[in-house]
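*Asks:* The structure is given below, and queries will be raised subsequently.
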Amino acid sequence: MSEAPWVTIIGLGEDGLNGLPPASKSALNAAEIVMGPPRHLALLGSLPCQTIEWPVPFADGIDTLLGLRGRQVVVLASGDPFWFGAGATLARHLADGEWTSLPAPSTFSQVANRMGWSLEKTPCFGLHTAPLTRLRPTLAQGAKMIVLLRDGSAVEELCSYLTHETFGAATLTVFEALGGPRECVTTFKANAVVPKPFTHPVCVAVDIAGEGQAMPLASGRADEWFESDGQMTKRPVRAMTLSALAPRPFEHLWDIGGGSGSIAIEWLLSHISLRATCVEPRADRAARIKSNAERLGVDRLETITGHAPEALKNLQDPQAVFIGGGLSHELLDWLQSNLSSGTRLVANAVTLESEALVLGAQAWLGGELLRLDLSRSEALGPRRGWKASYPIVQWSVTL
């Protein structure tokens with residue numbers, strides 16, 4: 001590897017060569033090869049060096065780039081390459097000294113400046129390949145967000161999604177080819193007739209309004225947020241369970257006996273860095289877990305159809321485990337033998353048999369036992385009374 005970086009990642013705006021700072025122009029002048037998508041290459045016009053069109057899908061161009069090692073190569077990206085751009089993907093395939101990056105103002109920065117929005121308080125989404133449901137946790141009256149979309153037709157899909165979620169009164173400001181000679185800005189309501197066809201590249205500033213329901217921020221969201229066949233950890237117990245699991249940034253959860261996936265989904269809603277794996281023996285419930293996760297805007301959830309402990313053997317190790325179903329001596333023995341010291345384990349027991357099992361496990365492995373007796377007020381003739389739910393014994397332990 002040469003002492004100087006052989007790859008320069010250049011962030012490019014719709015104003016092309018005219019908008020590049022001196023350092024980026026110097027890197028282009030020194031380049032032997034320039035790689036980039038056709039649209040980016042067209043923005044630069046004729047170049048004196050060799051050009052290579054980056055293929056679709058993006059991953060197919062990595063080997064071509066690595067085969068150029070030792071030559072001076074410029075890779076073109078949009079705006080800031082490390083904000084929903086190609087930069088992070090490229091950096092994973094290159095050593096630290098092999099590359100440098102010269103960003104341009106990101107589309108998000110440009111839109112925030114046009115709208116007068118404080119960027120650090122405005123959620124930004126890159127939905128080139130991700131579903132619109134990623135927006136769901138952020139949808140609330142008065143919320144503002146900036147959304148990059150895959151193409152012009154996705155603007156109408158965004159309008160339909162917001163209207164379906166009862167946020168049709170949201171105001172959309174659509175920016176086409178922002179910052180370049182083709183720039184066009186259009187403002188309208190999500191539930192109005194889309195005024196025109198839109199063309200790529202397209203970014204939308206969304207000012208949310210409407211009667212839609214905002215998703216609560218605290219654990220223990222209402223049961224109605226989750227589709228279920230009845231096999232679900234109910235709201236109060238779910239809140240207590242998430243508290244016992246105590247999610248921390250960058251951790252991985254195993255949710256064994258996922259049911260509706262409510263525990264894993266609420267775990268993931270706690271922080272963007274968290275990951276989770278649901279293990280569910282029934283295929284219909286596994287499909288429902290995936291549906292709930294997508295509808296509520298949660299990714300980073302792996303769903304495995306199978307029985308524990310067999311289905312656990314090839315999974316990435318967790319920092320926390322929840323057993324909501326399938327509790328057995330065999331499962332506890334496997335977890336105790338195979339998980340790293342310091343892994344947190346929470347199990348909820350409802351039946352007398354599972355309660356006896358966790359009582360014995362607590363005597364063996366220690367930890368804390370908590371009995372949850374919950375009652376709800378219900379009609380009792382012309383008056384009201386308390387209806388008790390089955391008590392739950394919750395066992396929490398650090399292995």
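Labeling convention for the structure tokens: chains A, B, ... as they appear, residues from 1 per chain, ligands from 1 in order of appearance.
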Can you pull out the residues contacting region 276-281 of chain A? Cut-off 9 Å, using only C-alpha atoms, and skip same-chain residues under 3 positions away; I want them as a ChimeraX atom specification.
*Replies:* /A:251-259,261,264-265,267-268,285-286,289,300-308,311-312,315,318,325
*Asks:* Within 12 Å of region 393-399 of chain A, which residues of region 220-265 of chain A come that close, and what is the closest atom pair and distance in Å for each? Count only C-alpha atoms and give it as JSON lines.
*Replies:*
```
{"residue": "A:Val237", "atom": "CA", "partner": "A:Gln394", "partner_atom": "CA", "distance": 9.3}
{"residue": "A:Arg238", "atom": "CA", "partner": "A:Gln394", "partner_atom": "CA", "distance": 11.1}
{"residue": "A:Met240", "atom": "CA", "partner": "A:Gln394", "partner_atom": "CA", "distance": 9.1}
{"residue": "A:Thr241", "atom": "CA", "partner": "A:Gln394", "partner_atom": "CA", "distance": 8.0}
{"residue": "A:Leu242", "atom": "CA", "partner": "A:Ser396", "partner_atom": "CA", "distance": 11.2}
{"residue": "A:Ser243", "atom": "CA", "partner": "A:Ser396", "partner_atom": "CA", "distance": 10.5}
{"residue": "A:Ala244", "atom": "CA", "partner": "A:Ser396", "partner_atom": "CA", "distance": 6.8}
{"residue": "A:Leu245", "atom": "CA", "partner": "A:Ser396", "partner_atom": "CA", "distance": 8.1}
{"residue": "A:Ala246", "atom": "CA", "partner": "A:Ser396", "partner_atom": "CA", "distance": 10.7}
```
*Asks:* May I ask for the distance between CA of Thr187 (chain A) and CA of Thr171 (chain A), given in Å to one decimal place?
*Replies:*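 A separation of 7.0 Å between them.
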*Asks:* Name the residues of region 222-354 of chain A that come out as strand (DSSP E) in a backbone DSSP run; write them as a PyMOL selection string.
*Replies:* chain A and resi 252-256+275-280+301-305+320-323+344-349
*Asks:* Neighbouring residues of Ala349 (chain A) were defined as those with any atom within 12 Å, considering only C-alpha atoms; residues of the same chain fewer than 3 positions away were excluded. Please report them as a count of residues only.
*Replies:* 31
*Asks:* Would you work out the distance separating CA of Ile9 (chain A) from CA of Gly180 (chain A), expressed in Å to one decimal?
*Replies:* 20.4 Å
*Asks:* Mind pulling up the distance from CA of Gly116 (chain A) to CA of His40 (chain A)?
*Replies:* 27.9 Å
*Asks:* Based on DSSP run over this structure's backbone, return all residues of region 299-357 of chain A in alpha helix (DSSP H), as a list in words.
*Replies:*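 Result set for region 299-357 of chain A (alpha helix (DSSP H)): His329, Glu330, Leu331, Leu332, Asp333, Trp334, Leu335, Gln336, Ser337, Asn338, Leu352, Glu353, Ser354, Glu355, Ala356 and Leu357 of chain A.
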*Asks:* How about saving the chosen residues, C-alpha atoms kept, as a compact mmCIF listing (two decimals), in the first residue's frame?
*Replies:*
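Dumped everything to selection39.txt:
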```
# COMPACT_ATOMS: atom_id res chain seq x y z
CA HIS A 329 -34.91 -27.58 32.24
CA GLU A 330 -33.23 -28.43 28.93
CA LEU A 331 -33.35 -24.80 27.76
CA LEU A 332 -32.05 -23.40 31.04
CA ASP A 333 -29.23 -25.95 31.13
CA TRP A 334 -28.22 -25.05 27.56
CA LEU A 335 -28.27 -21.31 28.25
CA GLN A 336 -26.25 -21.67 31.43
CA SER A 337 -23.68 -23.84 29.63
CA ASN A 338 -23.37 -21.84 26.40
CA LEU A 352 -47.59 -23.72 38.21
CA GLU A 353 -45.13 -25.97 36.37
CA SER A 354 -43.11 -23.07 34.96
CA GLU A 355 -43.27 -21.28 38.32
CA ALA A 356 -41.79 -24.33 40.01
CA LEU A 357 -39.08 -24.38 37.36
```
*Asks:* Can you tell me which residues surround region 188-197 of chain A at a distance of at most 12 Å, considering only C-alpha atoms, apart from same-chain residues fewer than 3 positions away, and format the answer as a PyMOL selection string?
*Replies:* chain A and resi 151-176+184-185+200+202+204-210
*Asks:* Which residue is closest to Ser291 (chain A)? Choose from A:Val111, A:Trp225, A:Leu380, A:Lys25 and count only C-alpha atoms.
*Replies:* A:Trp225
*Asks:* Neighbours of region 43-59 of chain A within 8 Å (only C-alpha atoms; same-chain residues fewer than 3 positions away dropped), as a PyMOL selection string?
*Replies:* chain A and resi 14-17+31-40+62
*Asks:* Please produce a file of those selected residues containing all heavy atoms, as a compact mmCIF listing (two decimals), in the first residue's frame.
*Replies:*
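Final output, saved to again.txt:
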```txt
# COMPACT_ATOMS: atom_id res chain seq x y z
N GLU A 14 -25.68 18.74 -7.06
CA GLU A 14 -26.32 18.85 -8.37
C GLU A 14 -25.73 19.98 -9.21
O GLU A 14 -25.98 20.05 -10.42
CB GLU A 14 -27.83 19.07 -8.19
CG GLU A 14 -28.59 17.83 -7.79
CD GLU A 14 -28.55 16.75 -8.86
OE1 GLU A 14 -28.89 17.06 -10.02
OE2 GLU A 14 -28.17 15.62 -8.54
N ASP A 15 -24.91 20.85 -8.59
CA ASP A 15 -24.25 21.90 -9.35
C ASP A 15 -22.95 21.42 -9.98
O ASP A 15 -22.22 22.20 -10.61
CB ASP A 15 -23.99 23.13 -8.48
CG ASP A 15 -23.36 22.79 -7.14
OD1 ASP A 15 -23.09 21.58 -6.89
OD2 ASP A 15 -23.15 23.69 -6.33
N GLY A 16 -22.64 20.14 -9.81
CA GLY A 16 -21.51 19.52 -10.50
C GLY A 16 -20.17 20.13 -10.20
O GLY A 16 -19.86 20.49 -9.05
N LEU A 17 -19.36 20.28 -11.23
CA LEU A 17 -17.99 20.76 -11.07
C LEU A 17 -17.95 22.16 -10.48
O LEU A 17 -17.05 22.49 -9.68
CB LEU A 17 -17.29 20.73 -12.44
CG LEU A 17 -15.77 20.93 -12.44
CD1 LEU A 17 -15.08 19.81 -11.68
CD2 LEU A 17 -15.26 21.00 -13.87
N ALA A 31 -6.57 12.46 -10.67
CA ALA A 31 -7.10 11.11 -10.77
C ALA A 31 -6.72 10.44 -12.08
O ALA A 31 -6.74 11.07 -13.15
CB ALA A 31 -8.61 11.12 -10.62
N GLU A 32 -6.37 9.16 -12.00
CA GLU A 32 -6.19 8.34 -13.20
C GLU A 32 -7.51 7.73 -13.64
O GLU A 32 -7.74 7.49 -14.82
CB GLU A 32 -5.18 7.24 -12.92
CG GLU A 32 -3.79 7.71 -12.53
CD GLU A 32 -2.90 6.54 -12.15
OE1 GLU A 32 -2.69 5.66 -13.02
OE2 GLU A 32 -2.45 6.48 -10.99
N ILE A 33 -8.38 7.47 -12.65
CA ILE A 33 -9.67 6.84 -12.92
C ILE A 33 -10.72 7.49 -12.03
O ILE A 33 -10.46 7.77 -10.84
CB ILE A 33 -9.63 5.32 -12.62
CG1 ILE A 33 -8.58 4.63 -13.50
CG2 ILE A 33 -11.00 4.68 -12.83
CD1 ILE A 33 -8.31 3.20 -13.11
N VAL A 34 -11.88 7.76 -12.57
CA VAL A 34 -13.02 8.25 -11.80
C VAL A 34 -14.16 7.24 -11.92
O VAL A 34 -14.58 6.90 -13.03
CB VAL A 34 -13.50 9.63 -12.29
CG1 VAL A 34 -14.77 10.06 -11.53
CG2 VAL A 34 -12.40 10.67 -12.10
N MET A 35 -14.61 6.73 -10.77
CA MET A 35 -15.74 5.79 -10.72
C MET A 35 -16.95 6.49 -10.11
O MET A 35 -16.81 7.24 -9.13
CB MET A 35 -15.42 4.56 -9.88
CG MET A 35 -14.48 3.57 -10.51
SD MET A 35 -14.35 2.05 -9.50
CE MET A 35 -16.00 1.34 -9.74
N GLY A 36 -18.11 6.24 -10.67
CA GLY A 36 -19.31 6.83 -10.10
C GLY A 36 -20.54 6.39 -10.86
O GLY A 36 -20.46 5.89 -11.99
N PRO A 37 -21.72 6.59 -10.28
CA PRO A 37 -22.96 6.30 -10.99
C PRO A 37 -23.06 7.17 -12.24
O PRO A 37 -22.48 8.27 -12.29
CB PRO A 37 -24.05 6.65 -9.97
CG PRO A 37 -23.35 6.62 -8.64
CD PRO A 37 -21.95 7.06 -8.91
N PRO A 38 -23.80 6.74 -13.25
CA PRO A 38 -23.91 7.52 -14.49
C PRO A 38 -24.36 8.96 -14.26
O PRO A 38 -23.85 9.89 -14.91
CB PRO A 38 -24.94 6.73 -15.30
CG PRO A 38 -24.82 5.33 -14.81
CD PRO A 38 -24.49 5.44 -13.35
N ARG A 39 -25.30 9.18 -13.33
CA ARG A 39 -25.79 10.54 -13.08
C ARG A 39 -24.68 11.44 -12.56
O ARG A 39 -24.56 12.61 -12.94
CB ARG A 39 -26.97 10.52 -12.10
CG ARG A 39 -27.56 11.89 -11.80
CD ARG A 39 -28.78 11.78 -10.91
NE ARG A 39 -28.44 11.33 -9.58
CZ ARG A 39 -28.04 12.13 -8.59
NH1 ARG A 39 -27.89 13.43 -8.82
NH2 ARG A 39 -27.77 11.66 -7.40
N HIS A 40 -23.84 10.91 -11.66
CA HIS A 40 -22.75 11.70 -11.11
C HIS A 40 -21.69 12.01 -12.16
O HIS A 40 -21.17 13.13 -12.23
CB HIS A 40 -22.11 10.96 -9.93
CG HIS A 40 -23.00 10.84 -8.73
ND1 HIS A 40 -24.06 9.98 -8.69
CD2 HIS A 40 -22.99 11.49 -7.54
CE1 HIS A 40 -24.66 10.07 -7.53
NE2 HIS A 40 -24.04 11.00 -6.81
N ILE A 62 -17.56 -3.14 -5.82
CA ILE A 62 -16.47 -3.16 -4.83
C ILE A 62 -15.24 -3.88 -5.38
O ILE A 62 -14.11 -3.39 -5.28
CB ILE A 62 -16.94 -3.82 -3.53
CG1 ILE A 62 -18.09 -3.01 -2.88
CG2 ILE A 62 -15.78 -3.96 -2.55
CD1 ILE A 62 -17.70 -1.64 -2.43
```
*Asks:* Neighbours of region 94-103 of chain A within 12 Å (only C-alpha atoms; same-chain residues fewer than 4 positions away dropped), as a PyMOL selection string?
*Replies:* chain A and resi 1-13+19-28+62-63+65-83+85-90+107
*Asks:* Quick one: residues within 10 Å of Ala218 (chain A), only C-alpha atoms, excluding same-chain residues fewer than 2 positions away - as a CSV table (one decimal) with C-alpha atoms, in the first residue's frame?
*Replies:*
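Okay, result-v9.csv is ready:
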```
chain,number,residue,atom,x,y,z
A,215,MET,CA,-46.4,6.1,19.2
A,216,PRO,CA,-45.6,6.4,22.9
A,220,GLY,CA,-45.2,-0.9,27.8
A,221,ARG,CA,-47.0,0.5,24.7
A,239,ALA,CA,-43.1,-2.7,30.8
A,266,GLU,CA,-40.0,-2.6,22.2
A,269,LEU,CA,-37.5,0.9,19.8
A,270,SER,CA,-35.4,1.8,22.8
```
